[in-house]
Structure formats: C-alpha cells, structure tokens
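Participant: Shown below is the structure under consideration.
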Amino acid sequence: MFGTIKRALTGLFSGKDAELPQGLTEEQIQAEFKKRYHQFKLLLTANKKALELMSEMEEALHGRRTFGMAFIRAHSTAVSVNVYKIVEHINAIAPGKYAALHDRIKDIQRRIGECWQHADQDANSALVVPLDRAGRDMADQVGGKMAGLGEIVRRTGLPVPPGFAVTARAYRRLVEENDLKDEINRLLQTAGPDDQRNLLILSSQIRNKITDAMVPADVEKAILDAYAALWGPFGHPVPVSLRSSALGEDEAGQTFAGQFSSKLNVGPDDILQSYKEVLASKYSPQAMTYRLNRGIPDEDVAMCVGVMAMVDAAAGGVIYSRNPLDIRDDAIRIHSALGLPKSVVDGSVATDEFVVRRGEPPLLAERHIRHKDQVFVCLPGEGVCLMEAADGRADTPSIGDDTALALADAAVRLETMYGAPVDVEWAVDASGAITFLQCRELVQLPGVASPGRQCRVHGRPLAADGVTASPGVGCGPVFVVRREADLLRFPRGGVLVAIEALPRYASVIDMAAAIVTEKGGTAGHLANVAREFRVPALMGVSGATQLLGAGAEVTVDADGRAVYPGRVQELLDAAAKERRPAPERQTPMHAILRRVMDQITPLNLIDPNVPEFAPENCTTLHDITRFCHEKSVTEMFTFGQEFHFSKRAAKQLKYKGTAMKWWFINLDDGFTHDVPGKYVKLEEICSIPVGALWDGIVAIPWQGPPPVDGRGLMSIIAQASTNPHLEAATHSSFAERNYFMVSHNYMCLSSRFGFHFCTVEALVGDRPQENYVSFQFKGGAAEFSRRRRRAEFVAEILEIRGFTVEVSEDASFARVSGGPQEEMLTALRGIGYMLMHTRQLDMIMHNEAMVQSYKEKILTDLVTVAGAPSREMPACPVSEMALEAETTA
C-alpha cells in the first residue's frame, strides 16, 4: 500500500511527455492547429454575415422596406453562399466529421429555387412604368420613391400628381449604349471618402460624361410617349418635375436624403436633358461620400427617375406622423412654408409648425407661426426662383387649421399603409387641393436615450439603452437565467433576463413575455427567433442581471429601449394599438419572400445537448448556422486536449516573476517577430488575450496552499493510491506543463496543476459579435464530493463575475461572449487570477467556514484585478491569414 502511495505521490512531481496522437509529429500538429484556427475565424465571419442578411430579410418581410425580386434573389443567394462557406469551414476544422451537412444545404437550396420559379420576370423589360401601375413590389424596377408613390395611388386613393417612372433598365441602357460602365468604374477606383479634392474632380468628370451622353432611341421614345400620355387629359403640354428614385433610396436606415437632384417646373423641350442631369446626380460629391461611408456598392444603386405633373403650390412642406426625436410621442407634426415645399426640405427658410394629437376627433394642440420672409415659386415659363414674400404674408399662417387636420388624417392613413411612422412631402395649390409628392419611412430616435430625458411620464427606468432586437412591449416577472437548468423552471409569462443572448433560450420563447440580455444584438440567433415569434427583446443592456431583481414585475419597452418597474399599462395599451394587421401591406413580393424565408430563418435546433442536435435535423439555413457555430467552438476548445505538445515544439517563456514554467506555440502572428532559440520573452509576445490573462496571473501573489486538515489530506492520499485513472502531469510543483497556442487575437492555454486540468480559450478583437472567453476547470486528487464542491465553488464565483456557467460532475465550464474588447480583457484578467488562486482548494471543501472565507477574499481580489488598466501590447506583424480573413469579411 505504501509503495502505491509513493508511486502516486511521485506522479505529482514527475512525468513524461504524452504520446503524440495519430502518429503526427509536433510540427504537423502545430500546422494542423494553424489551419483549423484560420478556418474558425473565417467561419465566424461568414456566420455573422449570414445572420445580418437574415435580419434584413425579416425587416423587409414585416414592411420595413420596399423590395422586389432582385432583393429576394440577392439576399437568399448571399445567405446560401455564406452558409455554404460555413459548412466548408466546419469540415476543414473537423475533416469528414460533418460531411452530411453538404446534402442538407443542397436540399434547402433546391427548395429555395422552387420558391423562385413562378416569379414574374417579364416586367423587367419595361423602360417606363405609369405611376398608377407602380407599387412596392416593383421597387427594384422603379426605385423606392416611385414605388412608394405608386402604392399610395393603388391602395389609398390619396391625391398624387399624374406621372410615370423611368426604370432601372432605361438607366442601364444609357450606360451601356454610351460605354460608360468601364470608364466610371476606372474613375471610381481612385475615389475615397476622405479625399475631398479628388472626389470633387471625379464627381465632375463622371457627371459630365453622363449629361453629354446620348439617350438611346428606344429610351427617348418611351419617355416622350409616356409624357404625351401624361399631358393628354390636360389638353396641352404641362410642366413636370423630375425626381430621383434610386434603388435603395428611401429605405429604412438608407434614405439617401438630399443626396440626389430634383428638377422642378421643367418644360417639354428640356425633359430629356433634365433626365440625364438627375441620373448624373448619382455621382454628386455628397452621394458618392454617402455610399463610400455606408459601404454601398456603386452597382447596387441604379438610378430611376420619376416624372410627374408639376404642382404650382401656394404652400407645402413635410409631415412627420410621429415625433422623430421620441419614439413614444405619437403626435403628428406638420412643417409648412409658403410656396413650393422645396424651402422646407432644403431648410432655407423658417417654417410654421402644427402639432396634432391623435383621437376622435383629432385635436390641433399647437400652432407655431414663424416669420417666413422668402418663398420658392414657379416661374411663368419653366424653372423656380426664391423671392421675397409679399407684404403682410411673412407672418401669416401658411395653411389653415382645416388643412392641417386634413394633412394629419392623411398621415395616419399613410402610416397604416406603411405599417410604420412616415415622413411625407406635400403641397397645396391656390384652390386648397392637397397633393402628396413623396412618402418614406420615418427614422426615429428613442426618447429615453436623450440627455436629461431619463425621468419620463412612465417613471424612472430600472435599466435603459441597449438595442431593440425585436420590437414591442412586454410585462411580467423577472426570471434571471444563469444556467441551462434554470430554463426548466422558467414561468409562462416571465421576462427572461440573462447575460448572453444564447440560442438555447429559444426553447422557452413561446412562454416569454419579453427578453432582456446584457449581450447580443439584432443579428443574433435569439434575436431572429424573437422577431419571428413577435416577442419583445432588448439586448446589450449593461448590468441587466443586477439591475432587474428576480421575481419583480417589470415592463420591457423594447421600442423605447427601457425597462420600467411594475406594470405600465399606458405602454402596453400603446403597443397594442401599434400592432397593425400584416395582410394590409402584403404584395406578391411579400408572398414570395415568405416562402423563401420559410427555408432560411426558422430555428429548430436549439439545445446542443440533446441527440436531435445533429446534421440530419438541419431543415433550414438558420439551423445549419446554429449547428456549425456551436460545433466549431466545441472542436476548437477540445483540440488542445486531444493533441498534446511537448516542450520541443514550443518556446519557453523567460520570465523571472514566477517560478512556474510556460511554453508558447505561435500559430500565426502572436510574436512580434520570428524568435530564434528555445526561449521567448514576454515583451516579444503580442497576443492581446495573453496580455490580459497574464496580468491576472501576476496581479496578486499566491499565498500558498490553504491549511490542510487531516481529513482533507487523507482524502487526497487515499484517492491517489486507489484510483488508477488519476493522471499526474507534472514533475515538479513549480514546473507544470502550461502550453499557450497564440496569435494576435487568439489564445488557447492547456494548463496542468498537479491532478487539476484547466483550459482557457479566447478570441478577442474589434468585432464584439465574435469575441468570447471559454474556461474549463476539471479534476483534483480528493474524493469526488470535494472535487464536485470545488467545481461548484469556481462556477459560483465566475457566475457572479458575469460568466455563463455549467457544472458537470467535477468539472466547471464557463463562457462569456459577444462583448467589446475591454470587457473580454477584464474577464481574462479574472480567469488568470483564478488559475493561480484556486489551486489545492479541494482539500478544504468540507470546511464551509473556510470555503466562505476564501470566496470572500477571491471576490474582493477580483474587483481589484478587474479594475486594473489593460496593458498596451506590442505591435504584431500583419499575417497573410489575417489579411485573408479581413478580405473575406
């Protein structure tokens, strides 16, 4: 027996390198990990892009933008391409393990193709489209502005000037006929948003080429024939306005407001030249800068043009159907000026403002009449001019109260049609007849985010800010989910509050009144499911798990980005009124998009711990992204446990601050330069996560093992002598094998402390969605109950520090993800401290007083460690791997 004990204890201080698996050399294993790490980064990039595209499709389906078949084909193809990349990357990470995914993605792509086959493509051949035949389903032919006006004509009967749209095909015909495409592309290659002088020169060159171009004969004939049909009912040629209607213009989040030209009061002889000038405004300096800064490809913005009979306005302006500065203010605001509405949209003169409160009947609550000393008017022949207001008119109301109420009523009808707040341009002629010239979705700012607006009529919020991942308002008791097991107790009608927006939380989505998380955003898996189930979700709310007390009733205002105490009936009633029936805004394009999205966005694979979480059960592209993301992290995390490295494959750290020994394997760009010899210095390591982990390791000196009672020591001796499966991995208590595999943004540490085994993996960069820190702690030499208690002890501390944790037998698993770089570095500093200060604590786990004493000390120390400033890491060389990942992104 004593011989067995001696051999077991000797195992604590001696050992041999583990045999290399599968007959691979150390260099081959290192090269294999480099390859897998590279594929892992590319997988994360493709996953992020696929989820963003799915979010855009969800917004389009629910009326957030105008779209046509070009949008459906482009987005579904782009999602498929990115998911295909994900499948390729996961199979490169784990060769042959997930080959079944190829058949699944082919089947889903086939079903998506079947959804397209009945789509009507004949309309794409039209050069002009009458306004009364245009609609939102033709947005990729006539542009967003004309599609919106056509929808008004077709569905509301509100007055719109007669007119027609010159289509995207006509624009492309002009570019092709004059051989402009290659020349424009050549010039654009030298453009940059920060080089204003060069941009002005390029803008002038491109616009001159377009205005000097010949209008193709078939396009000229189509425009003049459509114009003749327009003025026919008038009995004589009439002046017209020509307005830009570029593809993508007037979409939510991409309005191009004021970037393109409009031509007003144009005579029949100048229509073709004015048409070319509107086309050329695509390359105005401001429009080019807008596209460059927003990352919008030039080829995605084909310029359509609307031609409409000119309205000789006595007054005009803009209506906001809700307050653009406060998402919870539903009052209608009418801005008005004398003459053409150009003075209002240009901001060139002061405007009157009328505020109308909704109700039956509506109430004109406020009138602000301002001094309007100038007015835009139509000249007798053609063109417009800005002139002084006639005597006595400058201080009179530009419109009467009845007109203001009529405009407010029309704004409510248009808001119902759009299914969202709207921004409307209008005009009133001398007879008092109202005409609508433009309508687009209104971009609103949440009022709770405004400085000085935290105290609102709903009370002071418990938590605020974040992002609206799924709109709406929900109320219920707070239920904080920290572990997967908590989901088993989730109450129907509860508000799910968690640190991370984990996909597995979707298993209770049909029971949740709302979701609030500290991490996550609009493009995540859980956000997509929340929108699909219409569950309000507010994500990225800092400190939510501490600010929202478990069991307390709260009202989650996802639209206003705030959580209020108690039940706020006013918000719930307002949200109920805002729910508009979806069928009213359905078009043939919506039906096609719905069929396509049924193959893309539903998420059926939720829980990775059940047998059904398998390739053969992936029925949508979203399922495949979820499965691959989960499995890729698992494959990378377990690599270090399956493939062991000896010291000969790594550089030993030369550092006097600790007696422990550490080895580093540079995967790509983790060293500042090619380091010769057997040793590497700390200042030669430029891995961002390593720097933070090391700060935690050395932050507070370890005071040694805890005082050992007799029962604790005997437990270790007995376990070491009787358990043949215990593996001691070190030959000295201060010579443990601690291997770092590093690059500039990545780190995987396999660390052995006697009978304990720890793995830390982290990806930390400037893309919060991809960032994560994973930690696994397992083992010990004491009997199982002490090891289990120590695993729970570690998990409790990390849970308090914001990690999502799980405990399985004598192992703790902890993870935090989706946060900014500084947050990840703080988490790593804490893990570094825990690595050093939780050693040998299994010996005291049956002494609850000592356990609590150590817990208090560790938590106090962690506050100090977390507050330490991040070290400034030395610069790393730019690797080919990083360049390829950036190019792919």
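Every chain in the structure tokens takes a letter, A first, then B, and so on in the order presented; its residues are numbered from 1, and the ligands are numbered from 1 following the presented order.
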DSSP on the backbone: which residues in stretch 477-708 of chain A end up as alpha helix (DSSP H)? Give the answer as a PyMOL selection string.

Facilitator: chain A and resi 525-532+544-547+569-578+588-597+621-642+688-699

Participant: Tell me which of A:Ser203, A:Ser321, A:Ala139, A:Ile697 sits closest to A:Ser281, counting only C-alpha atoms.

Facilitator: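 For A:Ser281, the nearest of the given residues is A:Ser203.
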
Participant: Which residue gives the smallest distance to A:Lys49 among A:Thr625, A:Thr620, A:Leu603, A:Glu761, with only C-alpha atoms counted?

Facilitator: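 When distances to A:Lys49 are compared using only C-alpha atoms, the smallest one comes from A:Thr625.
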
Participant: Between atom CA of A:Leu621 and atom CA of A:Ile499, measure the distance and give it in Å to one decimal.

Facilitator: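 Computed distance, atom CA of A:Leu621 to atom CA of A:Ile499, equals 26.2 Å.
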
Participant: With distances taken over only C-alpha atoms, which residue among A:Arg534, A:Arg483, A:His846, A:Arg207 lies nearest A:Ser785?

Facilitator: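 Comparing A:Arg534, A:Arg483, A:His846, A:Arg207 against A:Ser785, the winner is A:His846.
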
Participant: With only C-alpha atoms as the counted atoms, please give the residues lying no more than 6 Å from A:Met308, apart from itself and same-chain residues fewer than 6 positions off, as a PDB file with N, CA and C atoms, in the first residue's frame.

Facilitator:
```
ATOM      1  N   PRO A 161     -49.730  63.529 -57.997  1.00  0.00           N
ATOM      2  CA  PRO A 161     -49.700  64.054 -59.371  1.00  0.00           C
ATOM      3  C   PRO A 161     -49.593  62.909 -60.389  1.00  0.00           C
ATOM      4  N   PRO A 162     -50.266  63.027 -61.528  1.00  0.00           N
ATOM      5  CA  PRO A 162     -50.116  62.004 -62.563  1.00  0.00           C
ATOM      6  C   PRO A 162     -48.670  61.976 -63.055  1.00  0.00           C
ATOM      7  N   GLY A 163     -48.199  60.783 -63.410  1.00  0.00           N
ATOM      8  CA  GLY A 163     -46.814  60.709 -63.853  1.00  0.00           C
ATOM      9  C   GLY A 163     -46.414  59.295 -64.206  1.00  0.00           C
ATOM     10  N   VAL A 240     -43.371  69.653 -65.781  1.00  0.00           N
ATOM     11  CA  VAL A 240     -43.272  68.481 -64.906  1.00  0.00           C
ATOM     12  C   VAL A 240     -42.122  68.661 -63.918  1.00  0.00           C
ATOM     13  N   SER A 241     -42.134  67.829 -62.906  1.00  0.00           N
ATOM     14  CA  SER A 241     -40.985  67.708 -62.000  1.00  0.00           C
ATOM     15  C   SER A 241     -40.341  66.351 -62.243  1.00  0.00           C
TER      16      SER A 241
END
```

Participant: So how far away is atom CA of A:Asp810 from atom CA of A:Arg787, in Å?

Facilitator: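 Taking atom CA of A:Arg787 as the start and atom CA of A:Asp810 as the end point, the length is 5.3 Å.
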